[in-house]
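Asker: Quick one: the structure is below, questions incoming.
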Amino acid sequence: MSTIVTPLGADRARRLRAALTALLAAALAIGAPFYFAPFQVFQLTMVLVYAVALAGLNLLVGFGGQISLGHGAFFAAGAYTAAVMLDRYDTGHLVTLPVAAVGCFLLGLGFGVPALRLRGLYLALVTLSFAVFLPPLLKRLEPVTGGSMGLTVDKLQPPAWSGLAEDQWMYFVVLAVAAVALLLARNLLRSRVGRALLAVRDNESAAEVMGVRLSLHKTLAFAWSAMFAGVAGCVYTWVIGFVSPDSFSFVLSITLLAGLVVGGLASLYGPLLGAAFVMYVPSVAQDISEAAPGVVFGLLIIAVMFVAPTGLAGLAGRVRSVAAPLLTRTTPPAAVRTPDSEPPSASPAPEPPAPADPAPADAEPVGAPPRTEKE
């Protein structure tokens with residue numbers, strides 16, 4: 001009985017701890033725009049934008065086991081989809097989100113076909129070429145994309161009933177989009193598709209023997225990943241209000257991949273930590289050295305990888321596992337007495353031997369000579 005009660009109690013405590021952590025994180029996220037300055041709220045908004053893009057890249061690289069150096073191209077496709085719709089067709093901001101998501105999903109589905117025959121560095125090279133040739137292509141499509149000058153669109157304005165400033169309203173809209181995207185990624189990984197991706201990543205031959213269709217799931221991994229990147233690009237246009245080809249060079253793709261590795265591959269919290277790294281570390285590097293911020297940025301990546309080889313998410317888990325025994329005093333649980341666990345009753349102590357009967361008065365002492373009749 002006790003072996004069943006203990007796991008149930010531990011599972012209930014783990015769920016309670018997760019619920020309290022989620023409530024605390026939600027309270028901090030909701031209260032942040034009312035505490036920080038407008039520029040700091042803008043930085044938090046961009047962290048959420050990059051987190052959505054890294055969540056998609058995590059599906060492909062962390063859980064799918066495929067390398068992509070062209071994720072910035074999908075990001076740019078979603079950004080330009082929203083910008084063209086807002087500038088040329090004067091649609092609403094919210095209408096651009098599903099269009100960018102579906103368009104990038106189909107683009108990733110078509111681009112996932114080469115992934116069926118390529119792997120490793122060859123696949124990375126093909127995806128990098130996609131990120132390299134897209135900016136010049138956007139410059140040549142000047143009637144649609146605005147060429148090198150780019151496109152300027154109106155930002156999402158807060159409604160009058162909200163009583164919020166523009167930066168605060170934008171933060172809450174992006175927070176809602178990021179929450180839905182991260183929840184979708186979490187549920188996707190816990191579904192049959194996620195288990196198939198893990199099987200393909202670990203051992204393709206074994207996954208195929210188990211009935212997993214490699215071609216289908218590899219292509220779907222690219223499609224889902226591109227969809228998340230397109231959604232992030234669309235929201236990026238809402239926040240910045242301007243897009244240009246130079247904003248989406250191949251450096252963006254490499255930066256996203258570096259952010260994911262630093263945050264933690266195959267981790268649900270890795271995209272958030274990696275997004276914070278991508279947003280804040282370049283500004284810190286710029287403050288340290290205005291002449292060579294790229295050198296400082298590279299050195300910081302090396303330092304983080306040296307301290308946390310599995311990423312910041314793995315480092316947080318290691319610190320928690322080390323600190324937990326120090327912060328909590330473990331006491332032995334009280335023993336639960338059950339009929340099966342009753343200690344055996346102590347056997348009664350042996351009774352002392354009864355004293356010998358006293359000899360009668362006329363008894364002859366031992367060794368005395370026999371009596372005569374005269375006596």
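Ligands are numbered from 1 in the order shown, chains are lettered A, B, ... in the order of the structure tokens, and residues start at 1 in each chain.
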Contacts of Cys234 in chain A at 10 Å or less, counting only C-alpha atoms, minus same-chain residues fewer than 3 places along, as an MDAnalysis selection string?
Answerer: chainID A and resid 49 75:83 93:94 96:101 228:231 237:239
Asker: Those same residues, written as a PDB file, in the first residue's frame with C-alpha atoms?
Answerer:
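To be explicit, this is the file written out as part.pdb:
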ATOM      1  CA  VAL A  49       8.664  37.315 -31.377  1.00  0.00           C
ATOM      2  CA  PHE A  75      10.873  34.578 -41.171  1.00  0.00           C
ATOM      3  CA  ALA A  76      11.252  37.073 -44.042  1.00  0.00           C
ATOM      4  CA  ALA A  77       8.478  35.391 -46.050  1.00  0.00           C
ATOM      5  CA  GLY A  78       6.014  35.860 -43.188  1.00  0.00           C
ATOM      6  CA  ALA A  79       7.135  39.452 -42.632  1.00  0.00           C
ATOM      7  CA  TYR A  80       6.758  40.405 -46.301  1.00  0.00           C
ATOM      8  CA  THR A  81       3.396  38.635 -46.562  1.00  0.00           C
ATOM      9  CA  ALA A  82       2.035  40.828 -43.806  1.00  0.00           C
ATOM     10  CA  ALA A  83       3.702  43.981 -45.159  1.00  0.00           C
ATOM     11  CA  HIS A  93      -3.544  43.269 -39.137  1.00  0.00           C
ATOM     12  CA  LEU A  94      -5.199  40.161 -37.748  1.00  0.00           C
ATOM     13  CA  THR A  96      -2.419  38.769 -42.207  1.00  0.00           C
ATOM     14  CA  LEU A  97      -1.599  36.255 -39.458  1.00  0.00           C
ATOM     15  CA  PRO A  98      -3.419  33.164 -40.828  1.00  0.00           C
ATOM     16  CA  VAL A  99      -2.383  34.032 -44.399  1.00  0.00           C
ATOM     17  CA  ALA A 100       1.295  34.214 -43.388  1.00  0.00           C
ATOM     18  CA  ALA A 101       0.973  30.978 -41.405  1.00  0.00           C
ATOM     19  CA  PHE A 228       6.091  29.110 -36.818  1.00  0.00           C
ATOM     20  CA  ALA A 229       8.793  31.237 -38.470  1.00  0.00           C
ATOM     21  CA  GLY A 230       6.206  32.839 -40.743  1.00  0.00           C
ATOM     22  CA  VAL A 231       3.975  33.707 -37.795  1.00  0.00           C
ATOM     23  CA  THR A 237       6.027  43.485 -39.090  1.00  0.00           C
ATOM     24  CA  TRP A 238       3.316  44.525 -36.645  1.00  0.00           C
ATOM     25  CA  VAL A 239       5.884  45.539 -34.061  1.00  0.00           C
TER      26      VAL A 239
END
Asker: What are the closest atom pairs, with distances in Å to one decimal, for each residue of range 23-139 of chain A lying within 7 Å of range 266-284 of chain A, using only C-alpha atoms, rows by chain and rising residue number, as a Markdown table?
Answerer:
| residue | atom | partner | partner_atom | distance |
| --- | --- | --- | --- | --- |
| A:Val47 | CA | A:Ala275 | CA | 5.2 |
| A:Tyr50 | CA | A:Ala275 | CA | 5.2 |
| A:Ala51 | CA | A:Pro271 | CA | 5.1 |
| A:Leu54 | CA | A:Pro271 | CA | 5.0 |
| A:Ala55 | CA | A:Pro271 | CA | 5.4 |
| A:Asn58 | CA | A:Ala266 | CA | 6.3 |
| A:Gly62 | CA | A:Ala266 | CA | 4.2 |
| A:Phe63 | CA | A:Ala266 | CA | 5.4 |
Asker: Using only all heavy atoms, please write the residues we just selected to a file, as an mmCIF file, in the first residue's frame.
Answerer:
data_model
loop_
_atom_site.group_PDB
_atom_site.id
_atom_site.type_symbol
_atom_site.label_atom_id
_atom_site.label_comp_id
_atom_site.auth_asym_id
_atom_site.auth_seq_id
_atom_site.Cartn_x
_atom_site.Cartn_y
_atom_site.Cartn_z
ATOM 1 N N VAL A 47 11.519 39.708 -27.677
ATOM 2 C CA VAL A 47 11.877 38.398 -27.124
ATOM 3 C C VAL A 47 10.770 37.393 -27.431
ATOM 4 O O VAL A 47 11.036 36.240 -27.830
ATOM 5 C CB VAL A 47 12.123 38.506 -25.611
ATOM 6 C CG1 VAL A 47 12.196 37.113 -24.972
ATOM 7 C CG2 VAL A 47 13.416 39.257 -25.332
ATOM 8 N N TYR A 50 10.920 36.432 -31.214
ATOM 9 C CA TYR A 50 11.981 35.464 -31.499
ATOM 10 C C TYR A 50 11.678 34.099 -30.867
ATOM 11 O O TYR A 50 12.099 33.064 -31.401
ATOM 12 C CB TYR A 50 13.316 35.992 -30.987
ATOM 13 C CG TYR A 50 13.877 37.133 -31.797
ATOM 14 C CD1 TYR A 50 14.342 38.296 -31.180
ATOM 15 C CD2 TYR A 50 13.936 37.069 -33.184
ATOM 16 C CE1 TYR A 50 14.855 39.352 -31.928
ATOM 17 C CE2 TYR A 50 14.439 38.120 -33.934
ATOM 18 C CZ TYR A 50 14.896 39.260 -33.305
ATOM 19 O OH TYR A 50 15.394 40.302 -34.041
ATOM 20 N N ALA A 51 10.976 34.094 -29.753
ATOM 21 C CA ALA A 51 10.635 32.820 -29.107
ATOM 22 C C ALA A 51 9.726 31.982 -30.006
ATOM 23 O O ALA A 51 9.854 30.752 -30.063
ATOM 24 C CB ALA A 51 9.970 33.065 -27.766
ATOM 25 N N LEU A 54 11.961 30.520 -32.721
ATOM 26 C CA LEU A 54 12.827 29.471 -32.196
ATOM 27 C C LEU A 54 12.041 28.227 -31.807
ATOM 28 O O LEU A 54 12.582 27.118 -31.834
ATOM 29 C CB LEU A 54 13.608 29.993 -30.988
ATOM 30 C CG LEU A 54 14.653 31.070 -31.299
ATOM 31 C CD1 LEU A 54 15.408 31.452 -30.034
ATOM 32 C CD2 LEU A 54 15.627 30.604 -32.357
ATOM 33 N N ALA A 55 10.765 28.395 -31.441
ATOM 34 C CA ALA A 55 9.936 27.219 -31.161
ATOM 35 C C ALA A 55 9.768 26.367 -32.416
ATOM 36 O O ALA A 55 9.808 25.132 -32.357
ATOM 37 C CB ALA A 55 8.577 27.654 -30.615
ATOM 38 N N ASN A 58 13.068 24.709 -33.155
ATOM 39 C CA ASN A 58 13.297 23.619 -32.209
ATOM 40 C C ASN A 58 12.596 22.340 -32.652
ATOM 41 O O ASN A 58 13.093 21.231 -32.426
ATOM 42 C CB ASN A 58 12.805 24.043 -30.824
ATOM 43 C CG ASN A 58 13.321 23.149 -29.715
ATOM 44 O OD1 ASN A 58 14.382 22.530 -29.835
ATOM 45 N ND2 ASN A 58 12.582 23.066 -28.643
ATOM 46 N N GLY A 62 15.868 20.464 -32.901
ATOM 47 C CA GLY A 62 15.960 19.807 -31.608
ATOM 48 C C GLY A 62 15.250 18.474 -31.552
ATOM 49 O O GLY A 62 15.783 17.495 -31.038
ATOM 50 N N PHE A 63 14.032 18.412 -32.102
ATOM 51 C CA PHE A 63 13.243 17.185 -32.030
ATOM 52 C C PHE A 63 13.248 16.399 -33.338
ATOM 53 O O PHE A 63 13.035 15.195 -33.321
ATOM 54 C CB PHE A 63 11.792 17.518 -31.647
ATOM 55 C CG PHE A 63 11.642 18.032 -30.252
ATOM 56 C CD1 PHE A 63 11.649 19.391 -30.001
ATOM 57 C CD2 PHE A 63 11.505 17.174 -29.180
ATOM 58 C CE1 PHE A 63 11.506 19.883 -28.713
ATOM 59 C CE2 PHE A 63 11.374 17.641 -27.896
ATOM 60 C CZ PHE A 63 11.371 19.004 -27.653
#
Asker: Go through range 103-156 of chain A and flag each residue having an atom no more than 12 Å from range 201-214 of chain A; for those, report the closest pair of atoms plus their distance in Å to one decimal, using only C-alpha atoms, ordered by chain and rising number, as CSV.
Answerer:
residue,atom,partner,partner_atom,distance
A:Gly112,CA,A:Leu214,CA,11.8
A:Val113,CA,A:Leu214,CA,11.6
A:Ala115,CA,A:Leu214,CA,10.5
A:Leu116,CA,A:Leu214,CA,8.1
A:Arg117,CA,A:Leu214,CA,10.9
A:Arg119,CA,A:Arg201,CA,11.4
A:Gly120,CA,A:Arg201,CA,12.0
Asker: Considering only C-alpha atoms, return as number ranges by chain whatever protein or nucleic-acid residues lie within 10 Å of Glu166 in chain A, sequence-local ones (same chain, fewer than 2 positions apart) excluded.
Answerer: A: 38, 155-159, 163-164, 168-171, 239
Asker: Excluding range 39-42 of chain A and any residue of its chain fewer than 3 positions from it, enumerate the residues within 8 Å of it, using only C-alpha atoms, and give them as a list in words.
Answerer: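 Skipping anything fewer than 3 positions along the chain leaves Ala32, Pro33, Phe36, Thr45, Met46, Asp167, Gln168 and Tyr171 of chain A.
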Asker: I need the helix (DSSP H, G or I) residues of range 15-219 of chain A per DSSP on the backbone, written as a ChimeraX atom specification.
Answerer: /A:15-34,38-63,71-88,93-111,114-116,121-140,142-145,147-149,166-189,192-202,204-209,214-219
Asker: Using only C-alpha atoms, which residues sit within 12 Å of Leu125 in chain A once same-chain residues fewer than 2 positions away are excluded, as an MDAnalysis selection string?
Answerer: chainID A and resid 66:70 114:115 118:123 127:132 250
Asker: For Leu60 in chain A, work out the shell of residues within 7 Å, counting only C-alpha atoms and skipping chain neighbours fewer than 3 positions away, then give it as a short mmCIF file (atom, residue, chain, number, x, y, z; two decimals) with N, CA and C atoms, in the first residue's frame.
Answerer:
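Saved the output as selection38.cif:
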data_model
loop_
_atom_site.label_atom_id
_atom_site.label_comp_id
_atom_site.auth_asym_id
_atom_site.auth_seq_id
_atom_site.Cartn_x
_atom_site.Cartn_y
_atom_site.Cartn_z
N GLY A 56 9.60 27.01 -33.57
CA GLY A 56 9.52 26.26 -34.82
C GLY A 56 10.84 25.63 -35.19
N LEU A 57 11.93 26.38 -35.01
CA LEU A 57 13.25 25.82 -35.31
C LEU A 57 13.59 24.66 -34.38
N PHE A 63 14.03 18.41 -32.10
CA PHE A 63 13.24 17.18 -32.03
C PHE A 63 13.25 16.40 -33.34
N GLY A 64 13.47 17.07 -34.47
CA GLY A 64 13.51 16.37 -35.75
C GLY A 64 14.88 15.90 -36.15
N GLY A 65 15.93 16.48 -35.56
CA GLY A 65 17.29 16.06 -35.86
C GLY A 65 17.82 16.53 -37.20
N GLN A 66 17.20 17.55 -37.82
CA GLN A 66 17.64 18.08 -39.10
C GLN A 66 18.21 19.49 -38.90
N ALA A 221 7.97 18.18 -40.66
CA ALA A 221 8.83 18.92 -39.73
C ALA A 221 9.24 20.26 -40.33
N PHE A 222 9.61 20.27 -41.61
CA PHE A 222 9.94 21.52 -42.28
C PHE A 222 8.71 22.43 -42.37
N SER A 225 7.83 23.91 -38.92
CA SER A 225 8.88 24.85 -38.55
C SER A 225 8.76 26.15 -39.34
#
Asker: Set out as CSV a contact list for range 235-268 of chain A and range 297-315 of chain A with a cut-off of 8 Å, giving each residue of range 235-268 of chain A that qualifies its closest atom pair and distance in Å to one decimal, counting only C-alpha atoms, ordered by chain and rising residue number.
Answerer:
residue,atom,partner,partner_atom,distance
A:Val261,CA,A:Gly311,CA,6.2
A:Val262,CA,A:Gly311,CA,4.7
A:Gly263,CA,A:Leu312,CA,4.9
A:Gly264,CA,A:Gly311,CA,4.1
A:Leu265,CA,A:Gly311,CA,7.2
A:Ser267,CA,A:Ala313,CA,6.9
Asker: For the residues selected in the previous step, produce a file with N, CA, C and O atoms as a CSV table (one decimal), in the first residue's frame.
Answerer:
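out_12.csv written:
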chain,number,residue,atom,x,y,z
A,261,VAL,N,20.6,26.9,-29.9
A,261,VAL,CA,21.6,26.0,-29.2
A,261,VAL,C,22.0,26.6,-27.9
A,261,VAL,O,22.1,25.8,-26.9
A,262,VAL,N,22.1,27.9,-27.7
A,262,VAL,CA,22.4,28.5,-26.4
A,262,VAL,C,21.3,28.3,-25.5
A,262,VAL,O,21.5,27.9,-24.3
A,263,GLY,N,20.0,28.4,-25.9
A,263,GLY,CA,18.9,28.2,-25.1
A,263,GLY,C,18.7,26.8,-24.6
A,263,GLY,O,18.3,26.5,-23.5
A,264,GLY,N,18.9,25.8,-25.5
A,264,GLY,CA,18.8,24.4,-25.2
A,264,GLY,C,18.0,23.7,-26.2
A,264,GLY,O,16.8,24.0,-26.4
A,265,LEU,N,18.6,22.8,-27.0
A,265,LEU,CA,17.9,22.0,-28.0
A,265,LEU,C,17.0,21.0,-27.3
A,265,LEU,O,17.3,20.5,-26.2
A,267,SER,N,14.2,21.3,-25.8
A,267,SER,CA,13.7,21.7,-24.5
A,267,SER,C,12.6,22.7,-24.8
A,267,SER,O,12.6,23.5,-25.7
Asker: Here is a test: counting only C-alpha atoms, which residue of A:Phe105, A:Met227, A:Met85, A:Leu256 is nearest to Ala181 in chain A?
Answerer: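 Checking each of A:Phe105, A:Met227, A:Met85, A:Leu256 against Ala181 in chain A, counting only C-alpha atoms, the winner is A:Met227.
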